[in-house]
Amino acid sequence: MKKNRRLEERRKKISKDVDLYVKHSFDIVDRIHEILEAQDKEQKDLAKLLGKSESEISKWMTGAHNFTIKTIAKIESVLGESIIQPSKRQKKQKVVIFSGADYFMKMSNKTSYLPTDWETTLNTNIHEPSKYLE
Amino acid sequence: MNSEIEIELFEEHETVNFYTLRFRNEETEVDKFLDKFPEGCEYDEDIDVIIKWIDQIGERGALERHFRPEGKNVWAVPIETCKLRLYVLRLSDEILILGNGGIKTTRTYNEDPDLNACVELLQKIDGYIKSRIRKGTIQVYGKQIFGNTTFHLKDENEKK
């Protein structure tokens with residue numbers, strides 16, 4: 001696909017935050033539009049619900065509006081739908097960190113001299129290494 | 001007066017093709033716009049926003065709601081943080097023609113001779129395109145414009 005060289009040069013220098021700002025703004029207005037369509041409403045209905053002028057709502061819906069959280073909350077409130085989907089809280093998982101563990105090779109006592117498995121002990125739980133060497 | 005002007009493909013994106021205008025032996029209208037705001041000027045971030053806005057439109061489609069109306073059939077790229085205006089013609093959800101623009105310091109674009117010239121040029125081209133579409137000498141199909149896309153402003157005026 002054809003791209004303009006001059007624009008491509010500038011694209012390389014655009015900061016990630018500007019990129020995300022425009023993308024998020026488009027995501028928000030697309031989501032609002034999706035909700036309005038699902039509810040068989042138009043931008044003028046949203047304007048009425050928020051007590052704003054239609055021209056102001058049009059400005060918001062361009063994709064370059066800097067929405068505040070308060071504005072988003074008001075829109076969510078009048079439309080009864082969420083615009084931003086916060087990531088679900090992850091269940092806390094227990095993580096066991098082994099620090100300074102000792103690894104011992106348990107030797108087979110009869111048939112072979114090769115190790116049959118590994119056993120790990122924490123330094124705080126002191127074992128006598130000799131018992132693994134019987 | 002240089003009166004020959006041509007529609008030229010500027011960039012292709014997934015959903016939208018961006019065209020621009022070029023007077024014979026001159027830079028494109030978009031280049032003239034970018035020349036006004038060289039890298040390092042106070043409008044750097046606004047130009048970055050415009051470029052990223054073009055990218056998003058290119059991906060999602062040139063839907064009417066994403067534009068700011070500026071005079072008959074002409075739209076502006078919506079920049080809220082400053083008075084920067086880049087004027088465009090929107091032929092469909094898949095075709096945009098980028099023009100020139102500048103800083104709007106007056107209440108309306110008509111009061112600024114430079115901005116007024118940018119908008120009037122696009123309005124003329126819009127009229128010519130529509131006239132040729134009716135005659136069948138220009139076809140718009142999907143993201144593409146086919147046919148005779150060179151205009152002679154004087155001649156076109158005379159024909160009107």
# chains A, B, ... in the order shown; residues from 1 in each chain; ligands from 1
$ closest_atom_pairs --of "chain A" --to "chain B" --cutoff "10 Å" --atoms "only C-alpha atoms" --output "tab-separated table"
residue	atom	partner	partner_atom	distance
A:Met1	CA	B:Glu12	CA	5.3
A:Lys2	CA	B:Glu12	CA	5.1
A:Lys3	CA	B:Glu11	CA	4.6
A:Asn4	CA	B:Glu11	CA	5.8
A:Arg5	CA	B:Glu11	CA	9.5
A:Arg6	CA	B:Asp31	CA	8.5
A:Leu7	CA	B:Ile51	CA	7.4
A:Glu8	CA	B:Ile51	CA	9.4
A:Arg10	CA	B:Asp48	CA	7.7
A:Arg11	CA	B:Ile51	CA	7.3
A:Lys13	CA	B:Asp48	CA	8.7
A:Ile14	CA	B:Asp48	CA	6.1
A:Ser15	CA	B:Asp48	CA	8.4
A:Val18	CA	B:Val49	CA	6.5
A:Asp19	CA	B:Lys52	CA	6.1
A:Leu20	CA	B:Lys52	CA	9.1
A:Tyr21	CA	B:Val49	CA	8.5
A:Val22	CA	B:Trp53	CA	6.4
A:Lys23	CA	B:Gln56	CA	6.8
A:Ser25	CA	B:Trp53	CA	9.8
A:Phe26	CA	B:Gln56	CA	7.5
A:Asp27	CA	B:Gln56	CA	9.8
A:Val29	CA	B:His66	CA	9.2
A:Asp30	CA	B:Arg60	CA	9.5
A:His33	CA	B:Arg65	CA	9.7
A:Gln43	CA	B:Arg65	CA	9.7
A:Ser55	CA	B:Arg68	CA	9.8
A:Ser58	CA	B:Arg65	CA	6.9
A:Lys59	CA	B:Arg68	CA	7.3
A:Trp60	CA	B:His66	CA	9.1
A:Met61	CA	B:Arg65	CA	6.3
A:Thr62	CA	B:His66	CA	3.6
A:Gly63	CA	B:His66	CA	5.9
A:Ala64	CA	B:Pro78	CA	6.3
A:His65	CA	B:Glu80	CA	6.6
A:Asn66	CA	B:Glu80	CA	8.2
$ residues_around --residues "Thr106 of chain B" --least-positions-apart "2" --cutoff "12 Å" --atoms "only C-alpha atoms" --output "list in words"
Lys83, Leu84, Arg85, Gly102, Ile103, Lys104, Thr108, Tyr109, Asn110, Glu111, Asp112, Pro113, Asp114, Leu115 and Asn116 of chain B
$ atom_distance --atom1 "atom CA of Ile138 of chain B" --atom2 "atom CA of Leu89 of chain B"
15.8 Å
$ residues_around --residues "Lys143 of chain B" --least-positions-apart "2" --cutoff "12 Å" --atoms "only C-alpha atoms" --output "PyMOL selection string"
chain B and resi 9+11-19+58+61-62+90-97+139-141+145-146
$ atom_distance --atom1 "atom CA of Tyr43 of chain B" --atom2 "atom CA of Glu29 of chain B"
18.3 Å
$ select_by_dssp --residues "segment 20-64 of chain A" --states "alpha helix (DSSP H)" --output "PyMOL selection string"
chain A and resi 20-38+43-50+54-60
$ write_last_selection --atoms "C-alpha atoms" --output "PDB file, in the first residue's frame"
ATOM      1  CA  LEU A  20      -2.417   5.894  22.239  1.00  0.00           C
ATOM      2  CA  TYR A  21      -4.284   9.148  22.947  1.00  0.00           C
ATOM      3  CA  VAL A  22      -5.796   9.203  19.444  1.00  0.00           C
ATOM      4  CA  LYS A  23      -6.451   5.450  19.435  1.00  0.00           C
ATOM      5  CA  HIS A  24      -8.196   5.535  22.838  1.00  0.00           C
ATOM      6  CA  SER A  25     -10.246   8.534  21.792  1.00  0.00           C
ATOM      7  CA  PHE A  26     -11.458   6.675  18.690  1.00  0.00           C
ATOM      8  CA  ASP A  27     -12.146   3.560  20.794  1.00  0.00           C
ATOM      9  CA  ILE A  28     -14.291   5.597  23.192  1.00  0.00           C
ATOM     10  CA  VAL A  29     -16.354   7.302  20.476  1.00  0.00           C
ATOM     11  CA  ASP A  30     -16.808   4.033  18.605  1.00  0.00           C
ATOM     12  CA  ARG A  31     -18.044   2.427  21.823  1.00  0.00           C
ATOM     13  CA  ILE A  32     -20.455   5.319  22.502  1.00  0.00           C
ATOM     14  CA  HIS A  33     -21.718   5.060  18.936  1.00  0.00           C
ATOM     15  CA  GLU A  34     -22.171   1.304  19.331  1.00  0.00           C
ATOM     16  CA  ILE A  35     -24.266   1.831  22.495  1.00  0.00           C
ATOM     17  CA  LEU A  36     -26.349   4.555  20.818  1.00  0.00           C
ATOM     18  CA  GLU A  37     -27.049   2.279  17.856  1.00  0.00           C
ATOM     19  CA  ALA A  38     -28.002  -0.626  20.113  1.00  0.00           C
ATOM     20  CA  GLN A  43     -26.172  11.875  19.046  1.00  0.00           C
ATOM     21  CA  LYS A  44     -28.934  14.429  19.574  1.00  0.00           C
ATOM     22  CA  ASP A  45     -30.568  12.064  22.111  1.00  0.00           C
ATOM     23  CA  LEU A  46     -27.290  11.830  23.985  1.00  0.00           C
ATOM     24  CA  ALA A  47     -27.044  15.630  23.911  1.00  0.00           C
ATOM     25  CA  LYS A  48     -30.521  15.866  25.444  1.00  0.00           C
ATOM     26  CA  LEU A  49     -29.757  13.283  28.116  1.00  0.00           C
ATOM     27  CA  LEU A  50     -26.595  15.143  29.105  1.00  0.00           C
ATOM     28  CA  GLU A  54     -25.683  18.817  19.722  1.00  0.00           C
ATOM     29  CA  SER A  55     -22.638  20.646  18.398  1.00  0.00           C
ATOM     30  CA  GLU A  56     -20.722  19.867  21.579  1.00  0.00           C
ATOM     31  CA  ILE A  57     -21.535  16.162  21.303  1.00  0.00           C
ATOM     32  CA  SER A  58     -20.473  16.257  17.644  1.00  0.00           C
ATOM     33  CA  LYS A  59     -17.120  17.662  18.736  1.00  0.00           C
ATOM     34  CA  TRP A  60     -16.713  14.806  21.225  1.00  0.00           C
TER      35      TRP A  60
END
$ residues_around --residues "segment 117-123 of chain B" --least-positions-apart "4" --cutoff "7 Å" --atoms "only C-alpha atoms" --output "PyMOL selection string"
chain B and resi 73-74+87+89+99-101+113+127
